[in-house]
Structures are given as C-alpha cells and as structure tokens.
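*Asks:* Dumping the structure here so I can ask a few things about it.
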Amino acid sequence: MQDDQAIFVTHHGRATHVLTTVRHYTDLQDANGGRRSDAGLAPSLHDLAKCLTVGVLLIDYDLRVLAANPVAHAQLDRNKDELIGHEIFTAVPALQGSLIETYVQRSVASKEPYSAEIPSPFRRDTWVRVDIHPFARYVTILFHDITEDMKRHRLADARDSLREAIAAHDGIGYVCVNTRGHIDRVEPTFCDMVRLSEERLQRVAVADLVPIAHRVHFRGALDLVLSGEGAQTIDSAVLSNDGAAVEVRATIAEMRSMYGNEGAIILITRR
C-alpha cells in the first residue's frame, strides 16, 4: 500500500471499518481540530440556508433575527445589517399587521408550526407561501414566491370555463392545432360546420379545410401566430364534406406554456 491509501472492510457489501496509516489518521485529526473526521464535513445551518432557493429567516423567541439567507434579503429588500440582530417587525415594517405577523406570534406563543398561502405584503400582485417551524431555541420562517403557480391555476380555471361556455354556444367553434398546423382537438360546432366527425379531423392539416382561394391568406395568418407575432383575425371559409364553402371569421391565437409554443387555437364563427 502507498502511505495515504485506505482499506475498506465490508460486511454483506456495506463498508463498516476503514484501515489506514497512523500518519493519515493523524493528518485527518489535525485538519479537523482533533474532532471526528465526519464532523468537519457536516454543513452548518447557515450554509444549508444559503443553498436553498426560498427565503429563510431564523428568529429567537424575542423575535430578533438571528440569520437570513440571500433570498430572504432580496425578498424583504433589506441588507444584512438591517436584519440581523433587529426585531423582525421593526426591521420589516411591511410585516406589521399582516397575516404573517399573526402566524409568527402564534407560533412563538404555542410552539406550533403554521403554513399559509397569502398575497405578498412585500410586492403588489404577487403571492407568497409562508412556513413557520418552531424549534427549541429559534423559529424558522420560510418565504416562497408562488405567484406563477397561482396565476397558472387561476388561468386554468378560466380556460375550463371558457371551453364550457364555447361548447354551450352553438355559434362558436374552435380547433386546436399543433406547431405544424395539424388538428389536435376540435369542438362539436366546428364538426357540424364541416360535416365531419372528430375522428376524421384528427391530425388533418387545418389549412387543407380552407378553399384554395382563401388558403394562402389563412396559412399566412397561421404562420404569423405560430411564429409568435400575436393573434390574428381574418375573414375566410372552410370546406364542408358536401363540397360547400362555409364563410367564417377566424381568430387565431398562440397556445404557449412554460415550455414554449405548443400550437394555436382557432375560434371560428359563421359570417
């Protein structure tokens, strides 16, 4: 063996002991101040808080701030010397009279955890999730901005209501197309306009349902939308299964998620 190599002794495949040289063992002790070698590897609470992507505040039971991570400083809009050592509600006046103050005071008094999702007291039109966890000597307060999640859920409810309203309105049809302009989903009113079933319309290029005289204009509007140029409204027509052209007004809007463009939705009404 070389001087600094170690032998791991295993039991049923799990390491249980390490054989090493006296010199190596002495170096490990010196490097850790005589403590066990794994003690020096354990992160401190402050180090752990710095790694988190949520705001972390540690306060004592006198409500004085003991520590705060960089995210908390940014969320509260306070420098380090404006928080550490100060009474939390004096250092952050925005918290005074808020639900966060109520929950913190309750947690300090009862030593029970609390959690809430509330409008942010720090910035307008934003939401924050607050988790309060009391421990023996301090209380941890976690701040997590959930604005995007709240918007996403609210918009999802609006979309569901809009689809239900369109389905109940027999004068409006809609078609959902993918990024290639092929039909993914259709509404029954549109199926009635073209006299084709939903199964027959699946994966059909929507531009192929437009008469040749209108096709270039329709494709141009669809391409603009799929390229992120904004919604387009045009007068056009669609071909019925019996060969007749149905004059329609079409509004085309991009469907965009957090991952980017996912196609377009086309609202269609008869002219």
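Ordered as shown in the structure tokens, chains take letters A, B, and onward, while each chain numbers its residues from 1 and ligands are numbered from 1 in the order shown.
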When DSSP is applied to the backbone of this structure, which of segment 72-260 of chain A are assigned strand (DSSP E)? Write them out as a short mmCIF file (atom, residue, chain, number, x, y, z; two decimals) with all heavy atoms, in the first residue's frame.
*Replies:*
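Wrote part-v3.cif, looks like this:
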```
data_model
loop_
_atom_site.label_atom_id
_atom_site.label_comp_id
_atom_site.auth_asym_id
_atom_site.auth_seq_id
_atom_site.Cartn_x
_atom_site.Cartn_y
_atom_site.Cartn_z
N TYR A 114 -47.02 26.66 11.55
CA TYR A 114 -48.11 27.24 10.77
C TYR A 114 -47.68 27.36 9.31
O TYR A 114 -46.48 27.49 9.02
CB TYR A 114 -48.51 28.63 11.30
CG TYR A 114 -49.27 28.58 12.61
CD1 TYR A 114 -48.59 28.64 13.82
CD2 TYR A 114 -50.65 28.46 12.64
CE1 TYR A 114 -49.27 28.59 15.02
CE2 TYR A 114 -51.35 28.41 13.84
CZ TYR A 114 -50.65 28.47 15.03
OH TYR A 114 -51.33 28.42 16.22
N SER A 115 -48.65 27.34 8.42
CA SER A 115 -48.37 27.48 7.00
C SER A 115 -49.54 28.19 6.34
O SER A 115 -50.70 27.97 6.71
CB SER A 115 -48.16 26.11 6.35
OG SER A 115 -47.89 26.24 4.98
N ALA A 116 -49.23 29.07 5.37
CA ALA A 116 -50.30 29.80 4.70
C ALA A 116 -49.83 30.26 3.33
O ALA A 116 -48.64 30.48 3.10
CB ALA A 116 -50.73 31.00 5.53
N GLU A 117 -50.78 30.38 2.39
CA GLU A 117 -50.54 30.96 1.08
C GLU A 117 -51.36 32.23 0.99
O GLU A 117 -52.59 32.18 1.01
CB GLU A 117 -50.92 29.97 -0.03
CG GLU A 117 -50.06 28.72 -0.03
CD GLU A 117 -50.46 27.73 -1.10
OE1 GLU A 117 -51.54 27.94 -1.72
OE2 GLU A 117 -49.72 26.76 -1.32
N ILE A 118 -50.68 33.37 0.91
CA ILE A 118 -51.35 34.66 1.05
C ILE A 118 -50.80 35.66 0.03
O ILE A 118 -49.70 35.47 -0.51
CB ILE A 118 -51.16 35.23 2.48
CG1 ILE A 118 -49.67 35.41 2.77
CG2 ILE A 118 -51.81 34.33 3.52
CD1 ILE A 118 -49.39 36.09 4.10
N PRO A 119 -51.56 36.74 -0.24
CA PRO A 119 -50.99 37.82 -1.06
C PRO A 119 -49.74 38.37 -0.38
O PRO A 119 -49.72 38.59 0.82
CB PRO A 119 -52.12 38.86 -1.11
CG PRO A 119 -53.37 38.07 -0.85
CD PRO A 119 -52.97 36.98 0.11
N TRP A 127 -47.91 36.57 -4.82
CA TRP A 127 -48.35 35.67 -3.75
C TRP A 127 -47.13 35.02 -3.11
O TRP A 127 -46.11 34.81 -3.77
CB TRP A 127 -49.27 34.58 -4.31
CG TRP A 127 -50.63 35.09 -4.68
CD1 TRP A 127 -50.97 35.85 -5.77
CD2 TRP A 127 -51.85 34.90 -3.95
NE1 TRP A 127 -52.31 36.13 -5.78
CE2 TRP A 127 -52.88 35.56 -4.67
CE3 TRP A 127 -52.17 34.22 -2.78
CZ2 TRP A 127 -54.21 35.56 -4.25
CZ3 TRP A 127 -53.50 34.21 -2.35
CH2 TRP A 127 -54.50 34.88 -3.08
N VAL A 128 -47.26 34.67 -1.85
CA VAL A 128 -46.15 34.05 -1.13
C VAL A 128 -46.68 32.93 -0.24
O VAL A 128 -47.78 33.04 0.32
CB VAL A 128 -45.38 35.10 -0.29
CG1 VAL A 128 -46.26 35.68 0.82
CG2 VAL A 128 -44.10 34.52 0.29
N ARG A 129 -45.91 31.86 -0.16
CA ARG A 129 -46.21 30.78 0.78
C ARG A 129 -45.28 30.95 1.97
O ARG A 129 -44.06 31.09 1.81
CB ARG A 129 -46.00 29.41 0.15
CG ARG A 129 -46.22 28.26 1.13
CD ARG A 129 -45.97 26.90 0.50
NE ARG A 129 -46.06 25.85 1.49
CZ ARG A 129 -47.18 25.25 1.85
NH1 ARG A 129 -48.32 25.59 1.28
NH2 ARG A 129 -47.19 24.29 2.76
N VAL A 130 -45.84 30.92 3.18
CA VAL A 130 -45.07 31.11 4.40
C VAL A 130 -45.19 29.84 5.25
O VAL A 130 -46.30 29.37 5.52
CB VAL A 130 -45.58 32.32 5.21
CG1 VAL A 130 -44.72 32.54 6.44
CG2 VAL A 130 -45.59 33.58 4.34
N ASP A 131 -44.05 29.29 5.62
CA ASP A 131 -43.99 28.13 6.51
C ASP A 131 -43.22 28.53 7.76
O ASP A 131 -42.08 29.01 7.65
CB ASP A 131 -43.32 26.94 5.84
CG ASP A 131 -44.12 26.42 4.66
OD1 ASP A 131 -45.19 25.84 4.90
OD2 ASP A 131 -43.67 26.61 3.51
N ILE A 132 -43.82 28.32 8.92
CA ILE A 132 -43.20 28.71 10.20
C ILE A 132 -43.02 27.46 11.04
O ILE A 132 -43.99 26.75 11.33
CB ILE A 132 -44.09 29.74 10.94
CG1 ILE A 132 -44.37 30.94 10.02
CG2 ILE A 132 -43.42 30.20 12.22
CD1 ILE A 132 -45.47 31.84 10.52
N HIS A 133 -41.76 27.19 11.44
CA HIS A 133 -41.44 25.98 12.19
C HIS A 133 -40.68 26.35 13.46
O HIS A 133 -39.53 26.82 13.39
CB HIS A 133 -40.59 25.03 11.34
CG HIS A 133 -41.25 24.59 10.08
ND1 HIS A 133 -42.18 23.58 10.02
CD2 HIS A 133 -41.13 25.06 8.80
CE1 HIS A 133 -42.60 23.42 8.77
NE2 HIS A 133 -41.98 24.31 8.02
N PRO A 134 -41.30 26.18 14.62
CA PRO A 134 -40.60 26.48 15.88
C PRO A 134 -39.70 25.33 16.31
O PRO A 134 -40.03 24.16 16.14
CB PRO A 134 -41.75 26.69 16.88
CG PRO A 134 -42.86 25.85 16.34
CD PRO A 134 -42.71 25.83 14.84
N VAL A 139 -37.01 30.06 15.83
CA VAL A 139 -38.13 29.79 14.93
C VAL A 139 -37.65 30.05 13.50
O VAL A 139 -37.01 31.07 13.23
CB VAL A 139 -39.33 30.71 15.25
CG1 VAL A 139 -40.47 30.47 14.24
CG2 VAL A 139 -39.82 30.47 16.67
N THR A 140 -37.94 29.10 12.61
CA THR A 140 -37.57 29.24 11.20
C THR A 140 -38.78 29.70 10.41
O THR A 140 -39.86 29.12 10.53
CB THR A 140 -37.07 27.91 10.63
OG1 THR A 140 -35.93 27.47 11.38
CG2 THR A 140 -36.66 28.07 9.17
N ILE A 141 -38.58 30.75 9.60
CA ILE A 141 -39.64 31.26 8.73
C ILE A 141 -39.16 31.11 7.29
O ILE A 141 -38.10 31.61 6.92
CB ILE A 141 -39.95 32.74 9.02
CG1 ILE A 141 -40.25 32.94 10.51
CG2 ILE A 141 -41.14 33.21 8.18
CD1 ILE A 141 -40.40 34.40 10.90
N LEU A 142 -39.94 30.40 6.48
CA LEU A 142 -39.61 30.18 5.07
C LEU A 142 -40.57 30.98 4.20
O LEU A 142 -41.79 30.92 4.39
CB LEU A 142 -39.71 28.70 4.71
CG LEU A 142 -38.90 27.72 5.58
CD1 LEU A 142 -39.14 26.30 5.11
CD2 LEU A 142 -37.41 28.05 5.52
N PHE A 143 -40.02 31.74 3.25
CA PHE A 143 -40.81 32.51 2.28
C PHE A 143 -40.59 31.93 0.90
O PHE A 143 -39.44 31.80 0.46
CB PHE A 143 -40.40 33.98 2.27
CG PHE A 143 -40.60 34.69 3.58
CD1 PHE A 143 -39.54 34.86 4.46
CD2 PHE A 143 -41.83 35.21 3.92
CE1 PHE A 143 -39.71 35.52 5.66
CE2 PHE A 143 -42.01 35.88 5.13
CZ PHE A 143 -40.95 36.03 5.99
N HIS A 144 -41.67 31.60 0.21
CA HIS A 144 -41.54 31.05 -1.15
C HIS A 144 -42.52 31.77 -2.07
O HIS A 144 -43.74 31.74 -1.83
CB HIS A 144 -41.83 29.55 -1.14
CG HIS A 144 -41.70 28.91 -2.49
ND1 HIS A 144 -40.66 29.18 -3.35
CD2 HIS A 144 -42.49 28.01 -3.13
CE1 HIS A 144 -40.81 28.47 -4.46
NE2 HIS A 144 -41.92 27.77 -4.35
N ASP A 145 -42.02 32.43 -3.11
CA ASP A 145 -42.87 33.14 -4.05
C ASP A 145 -43.62 32.13 -4.91
O ASP A 145 -43.01 31.30 -5.60
CB ASP A 145 -42.03 34.06 -4.93
CG ASP A 145 -42.89 34.98 -5.79
OD1 ASP A 145 -43.64 34.46 -6.63
OD2 ASP A 145 -42.82 36.20 -5.61
N ILE A 172 -70.26 29.19 -32.01
CA ILE A 172 -68.81 29.31 -31.98
C ILE A 172 -68.19 27.92 -31.99
O ILE A 172 -68.57 27.04 -31.22
CB ILE A 172 -68.34 30.07 -30.71
CG1 ILE A 172 -68.99 31.44 -30.63
CG2 ILE A 172 -66.81 30.21 -30.71
CD1 ILE A 172 -68.66 32.18 -29.36
N GLY A 173 -67.23 27.74 -32.86
CA GLY A 173 -66.47 26.50 -32.88
C GLY A 173 -65.00 26.81 -32.66
O GLY A 173 -64.56 27.93 -32.87
N TYR A 174 -64.25 25.83 -32.21
CA TYR A 174 -62.81 26.05 -32.08
C TYR A 174 -62.05 24.80 -32.48
O TYR A 174 -62.55 23.68 -32.40
CB TYR A 174 -62.41 26.53 -30.68
CG TYR A 174 -62.42 25.48 -29.60
CD1 TYR A 174 -61.34 24.61 -29.41
CD2 TYR A 174 -63.50 25.38 -28.71
CE1 TYR A 174 -61.35 23.66 -28.41
CE2 TYR A 174 -63.51 24.43 -27.71
CZ TYR A 174 -62.43 23.58 -27.56
OH TYR A 174 -62.44 22.64 -26.56
N VAL A 175 -60.83 25.05 -32.93
CA VAL A 175 -59.92 23.98 -33.34
C VAL A 175 -58.58 24.23 -32.68
O VAL A 175 -58.08 25.36 -32.69
CB VAL A 175 -59.73 23.97 -34.88
CG1 VAL A 175 -58.80 22.83 -35.28
CG2 VAL A 175 -61.06 23.86 -35.59
N CYS A 176 -57.98 23.22 -32.07
CA CYS A 176 -56.63 23.32 -31.52
C CYS A 176 -55.68 22.60 -32.47
O CYS A 176 -55.92 21.45 -32.84
CB CYS A 176 -56.56 22.68 -30.13
SG CYS A 176 -57.52 23.55 -28.88
N VAL A 177 -54.62 23.30 -32.87
CA VAL A 177 -53.65 22.71 -33.79
C VAL A 177 -52.28 22.69 -33.13
O VAL A 177 -51.98 23.50 -32.24
CB VAL A 177 -53.59 23.49 -35.12
CG1 VAL A 177 -54.93 23.47 -35.82
CG2 VAL A 177 -53.14 24.94 -34.89
N ILE A 183 -54.50 19.32 -36.73
CA ILE A 183 -55.56 19.38 -35.72
C ILE A 183 -55.29 18.37 -34.60
O ILE A 183 -55.07 17.18 -34.85
CB ILE A 183 -56.93 19.11 -36.36
CG1 ILE A 183 -57.29 20.23 -37.34
CG2 ILE A 183 -58.01 18.99 -35.28
CD1 ILE A 183 -58.56 19.99 -38.12
N ASP A 184 -55.33 18.87 -33.36
CA ASP A 184 -55.22 18.02 -32.18
C ASP A 184 -56.58 17.79 -31.52
O ASP A 184 -56.86 16.72 -31.00
CB ASP A 184 -54.28 18.65 -31.14
CG ASP A 184 -52.82 18.41 -31.47
OD1 ASP A 184 -52.52 17.45 -32.20
OD2 ASP A 184 -51.97 19.19 -30.99
N ARG A 185 -57.40 18.84 -31.54
CA ARG A 185 -58.69 18.76 -30.84
C ARG A 185 -59.68 19.70 -31.53
O ARG A 185 -59.31 20.79 -31.97
CB ARG A 185 -58.52 19.15 -29.36
CG ARG A 185 -59.76 18.95 -28.52
CD ARG A 185 -59.46 19.07 -27.03
NE ARG A 185 -59.03 20.41 -26.65
CZ ARG A 185 -57.81 20.72 -26.30
NH1 ARG A 185 -56.86 19.80 -26.30
NH2 ARG A 185 -57.49 21.96 -25.95
N VAL A 186 -60.94 19.27 -31.63
CA VAL A 186 -61.97 20.10 -32.23
C VAL A 186 -63.20 20.10 -31.33
O VAL A 186 -63.43 19.18 -30.54
CB VAL A 186 -62.36 19.62 -33.64
CG1 VAL A 186 -61.21 19.80 -34.59
CG2 VAL A 186 -62.82 18.17 -33.62
N GLN A 232 -54.28 36.80 -34.67
CA GLN A 232 -54.73 37.30 -35.95
C GLN A 232 -56.21 36.99 -36.13
O GLN A 232 -56.67 35.91 -35.75
CB GLN A 232 -53.94 36.65 -37.10
CG GLN A 232 -52.44 36.79 -37.00
CD GLN A 232 -51.97 38.18 -37.34
OE1 GLN A 232 -52.52 38.82 -38.26
NE2 GLN A 232 -50.98 38.68 -36.62
N THR A 233 -56.97 37.94 -36.68
CA THR A 233 -58.37 37.72 -37.03
C THR A 233 -58.54 37.96 -38.52
O THR A 233 -58.14 39.01 -39.04
CB THR A 233 -59.29 38.67 -36.24
OG1 THR A 233 -59.17 38.39 -34.84
CG2 THR A 233 -60.75 38.47 -36.65
N ILE A 234 -59.12 36.98 -39.22
CA ILE A 234 -59.28 37.09 -40.68
C ILE A 234 -60.66 36.59 -41.08
O ILE A 234 -61.29 35.79 -40.37
CB ILE A 234 -58.21 36.27 -41.42
CG1 ILE A 234 -58.30 34.78 -41.05
CG2 ILE A 234 -56.81 36.81 -41.16
CD1 ILE A 234 -57.42 33.88 -41.90
N ASP A 235 -61.12 37.07 -42.21
CA ASP A 235 -62.31 36.52 -42.84
C ASP A 235 -61.86 35.43 -43.80
O ASP A 235 -60.96 35.65 -44.62
CB ASP A 235 -63.08 37.61 -43.59
CG ASP A 235 -63.76 38.58 -42.65
OD1 ASP A 235 -64.10 38.17 -41.52
OD2 ASP A 235 -63.94 39.76 -43.04
N SER A 236 -62.47 34.26 -43.69
CA SER A 236 -62.03 33.12 -44.51
C SER A 236 -63.23 32.22 -44.78
O SER A 236 -64.39 32.67 -44.73
CB SER A 236 -60.92 32.36 -43.79
OG SER A 236 -60.37 31.35 -44.60
N ALA A 237 -62.97 30.96 -45.07
CA ALA A 237 -64.02 29.98 -45.32
C ALA A 237 -63.48 28.60 -45.02
O ALA A 237 -62.26 28.39 -44.98
CB ALA A 237 -64.51 30.06 -46.77
N VAL A 238 -64.37 27.66 -44.76
CA VAL A 238 -63.98 26.25 -44.58
C VAL A 238 -64.84 25.39 -45.50
O VAL A 238 -65.99 25.73 -45.82
CB VAL A 238 -64.15 25.79 -43.11
CG1 VAL A 238 -63.15 26.49 -42.22
CG2 VAL A 238 -65.57 26.03 -42.62
N LEU A 239 -64.26 24.29 -45.94
CA LEU A 239 -64.95 23.38 -46.85
C LEU A 239 -65.77 22.37 -46.06
O LEU A 239 -65.25 21.70 -45.16
CB LEU A 239 -63.95 22.66 -47.74
CG LEU A 239 -63.28 23.50 -48.82
CD1 LEU A 239 -62.14 22.71 -49.47
CD2 LEU A 239 -64.31 23.92 -49.87
N ALA A 245 -68.68 25.68 -49.47
CA ALA A 245 -67.77 26.53 -48.69
C ALA A 245 -68.59 27.33 -47.69
O ALA A 245 -69.56 28.00 -48.06
CB ALA A 245 -66.98 27.45 -49.61
N VAL A 246 -68.21 27.26 -46.42
CA VAL A 246 -68.89 27.99 -45.35
C VAL A 246 -68.05 29.20 -45.00
O VAL A 246 -66.90 29.07 -44.57
CB VAL A 246 -69.09 27.09 -44.11
CG1 VAL A 246 -69.84 27.87 -43.03
CG2 VAL A 246 -69.82 25.82 -44.48
N GLU A 247 -68.60 30.40 -45.22
CA GLU A 247 -67.86 31.61 -44.90
C GLU A 247 -67.80 31.81 -43.39
O GLU A 247 -68.82 31.71 -42.69
CB GLU A 247 -68.52 32.83 -45.57
CG GLU A 247 -68.43 32.81 -47.08
CD GLU A 247 -68.92 34.11 -47.69
OE1 GLU A 247 -69.59 34.88 -46.98
OE2 GLU A 247 -68.62 34.35 -48.87
N VAL A 248 -66.59 32.08 -42.90
CA VAL A 248 -66.39 32.18 -41.45
C VAL A 248 -65.45 33.35 -41.14
O VAL A 248 -64.74 33.86 -42.02
CB VAL A 248 -65.78 30.88 -40.87
CG1 VAL A 248 -66.70 29.70 -41.06
CG2 VAL A 248 -64.41 30.61 -41.47
N ARG A 249 -65.48 33.76 -39.90
CA ARG A 249 -64.46 34.67 -39.36
C ARG A 249 -63.64 33.86 -38.36
O ARG A 249 -64.21 33.21 -37.46
CB ARG A 249 -65.10 35.87 -38.68
CG ARG A 249 -64.11 36.73 -37.91
CD ARG A 249 -64.61 38.13 -37.68
NE ARG A 249 -64.63 38.88 -38.93
CZ ARG A 249 -64.96 40.17 -39.01
NH1 ARG A 249 -65.31 40.83 -37.93
NH2 ARG A 249 -64.96 40.78 -40.18
N ALA A 250 -62.32 33.88 -38.54
CA ALA A 250 -61.43 33.06 -37.71
C ALA A 250 -60.48 33.95 -36.91
O ALA A 250 -59.87 34.87 -37.47
CB ALA A 250 -60.63 32.10 -38.59
N THR A 251 -60.38 33.67 -35.63
CA THR A 251 -59.39 34.33 -34.77
C THR A 251 -58.39 33.27 -34.32
O THR A 251 -58.78 32.26 -33.73
CB THR A 251 -60.05 34.98 -33.54
OG1 THR A 251 -60.92 36.02 -33.99
CG2 THR A 251 -58.99 35.59 -32.64
N ILE A 252 -57.13 33.50 -34.62
CA ILE A 252 -56.07 32.53 -34.33
C ILE A 252 -55.17 33.09 -33.25
O ILE A 252 -54.67 34.22 -33.37
CB ILE A 252 -55.24 32.21 -35.60
CG1 ILE A 252 -56.16 31.91 -36.78
CG2 ILE A 252 -54.30 31.04 -35.34
CD1 ILE A 252 -55.43 31.80 -38.11
N ALA A 253 -54.97 32.33 -32.18
CA ALA A 253 -54.12 32.78 -31.07
C ALA A 253 -53.15 31.67 -30.69
O ALA A 253 -53.48 30.48 -30.77
CB ALA A 253 -54.96 33.19 -29.87
N GLU A 254 -51.98 32.06 -30.27
CA GLU A 254 -50.94 31.10 -29.90
C GLU A 254 -51.26 30.42 -28.58
O GLU A 254 -51.80 31.05 -27.66
CB GLU A 254 -49.59 31.84 -29.79
CG GLU A 254 -48.42 30.94 -29.45
CD GLU A 254 -47.13 31.73 -29.25
OE1 GLU A 254 -47.21 32.95 -28.97
OE2 GLU A 254 -46.05 31.13 -29.36
N MET A 255 -50.96 29.14 -28.50
CA MET A 255 -51.02 28.42 -27.23
C MET A 255 -49.59 28.29 -26.72
O MET A 255 -48.76 27.62 -27.34
CB MET A 255 -51.65 27.03 -27.40
CG MET A 255 -53.11 27.06 -27.70
SD MET A 255 -53.92 25.44 -27.51
CE MET A 255 -53.00 24.45 -28.67
N ARG A 256 -49.30 28.96 -25.62
CA ARG A 256 -47.94 28.98 -25.09
C ARG A 256 -47.95 28.51 -23.64
O ARG A 256 -48.77 28.95 -22.84
CB ARG A 256 -47.34 30.39 -25.18
CG ARG A 256 -45.93 30.52 -24.59
CD ARG A 256 -45.29 31.82 -24.99
NE ARG A 256 -44.95 31.84 -26.40
CZ ARG A 256 -43.80 31.37 -26.86
NH1 ARG A 256 -42.90 30.85 -26.04
NH2 ARG A 256 -43.54 31.42 -28.15
N SER A 257 -47.04 27.61 -23.32
CA SER A 257 -46.88 27.13 -21.95
C SER A 257 -45.51 27.57 -21.45
O SER A 257 -44.77 28.28 -22.14
CB SER A 257 -46.99 25.61 -21.89
OG SER A 257 -45.85 25.01 -22.49
N GLY A 260 -42.76 26.82 -23.88
CA GLY A 260 -42.71 27.46 -25.18
C GLY A 260 -43.98 27.26 -25.99
O GLY A 260 -45.03 26.89 -25.45
#
```
*Asks:* Give me, as a PyMOL selection string, all polymer residues having an atom no more than 10 Å from Thr189 of chain A, counting only C-alpha atoms and skipping those fewer than 3 positions away in the same chain.
*Replies:* chain A and resi 166-175+186+192-195+268-269
*Asks:* If DSSP is run on the backbone, what residues of segment 22-151 of chain A are helix (DSSP H, G or I)? A reply as a CSV table (one decimal) with C-alpha atoms, in the first residue's frame would be ideal.
*Replies:*
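Saved as result33.csv:
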```
chain,number,residue,atom,x,y,z
A,22,VAL,CA,-1.2,6.4,11.6
A,23,ARG,CA,0.2,9.3,9.6
A,24,HIS,CA,-3.0,9.6,7.6
A,25,TYR,CA,-5.2,9.3,10.7
A,26,THR,CA,-3.1,12.0,12.4
A,27,ASP,CA,-3.4,14.3,9.4
A,28,LEU,CA,-7.2,13.9,9.5
A,29,GLN,CA,-7.3,14.7,13.2
A,30,ASP,CA,-5.2,17.8,12.7
A,31,ALA,CA,-7.3,19.0,9.8
A,39,ALA,CA,-17.8,16.4,11.9
A,40,GLY,CA,-15.9,18.8,9.7
A,41,LEU,CA,-17.9,17.7,6.7
A,45,LEU,CA,-27.4,25.7,9.4
A,46,HIS,CA,-26.2,28.9,7.8
A,47,ASP,CA,-24.5,27.0,4.9
A,48,LEU,CA,-27.7,25.0,4.3
A,49,ALA,CA,-29.9,28.1,4.3
A,50,LYS,CA,-27.6,29.7,1.6
A,51,CYS,CA,-28.2,26.7,-0.7
A,70,PRO,CA,-29.6,35.9,0.5
A,71,VAL,CA,-33.0,35.0,-0.9
A,72,ALA,CA,-34.7,36.4,2.2
A,73,HIS,CA,-32.6,39.6,2.0
A,74,ALA,CA,-33.8,40.0,-1.6
A,75,GLN,CA,-37.5,39.2,-0.9
A,76,LEU,CA,-37.6,41.6,2.1
A,80,LYS,CA,-27.7,42.1,6.2
A,81,ASP,CA,-27.1,44.9,8.8
A,82,GLU,CA,-30.8,45.9,8.5
A,88,ILE,CA,-38.2,41.4,12.9
A,89,PHE,CA,-41.3,43.5,12.7
A,90,THR,CA,-39.3,46.7,13.3
A,91,ALA,CA,-36.8,45.8,10.7
A,93,PRO,CA,-42.5,47.2,8.6
A,94,ALA,CA,-44.3,45.6,5.7
A,95,LEU,CA,-44.9,42.6,8.0
A,99,LEU,CA,-51.2,37.6,8.5
A,100,ILE,CA,-47.5,36.7,8.6
A,101,GLU,CA,-47.1,38.6,11.9
A,102,THR,CA,-50.2,36.9,13.3
A,103,TYR,CA,-48.9,33.4,12.4
A,104,VAL,CA,-45.4,34.2,13.7
A,105,GLN,CA,-46.8,35.5,17.0
A,106,ARG,CA,-49.0,32.4,17.4
A,107,SER,CA,-46.1,30.1,16.6
A,108,VAL,CA,-43.8,31.8,19.2
A,109,ALA,CA,-46.6,31.6,21.8
A,110,SER,CA,-47.7,28.0,21.1
A,147,THR,CA,-47.1,33.9,-8.0
A,148,GLU,CA,-46.6,31.9,-11.1
A,149,ASP,CA,-48.3,28.8,-9.6
A,150,MET,CA,-51.3,30.9,-8.5
A,151,LYS,CA,-51.6,32.5,-12.0
```
*Asks:* Expressed in Å to a single decimal, how great is the separation between atom CA of Arg154 of chain A and atom CA of Asn261 of chain A?
*Replies:*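 We find that atom CA of Arg154 of chain A and atom CA of Asn261 of chain A lie 20.0 Å from each other.
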*Asks:* Just to confirm, what's the straight-line distance from atom CA of Thr179 of chain A to atom CA of Ala264 of chain A in Å (one decimal)?
*Replies:*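 Between these atoms lies a distance of 7.2 Å.
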*Asks:* Which one of A:Pro211, A:Leu66, A:Gly263, A:Leu226 sits closest to Gly243 of chain A if you count only C-alpha atoms?
*Replies:*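 Answer, going by the shortest atom-to-atom distance: A:Pro211.
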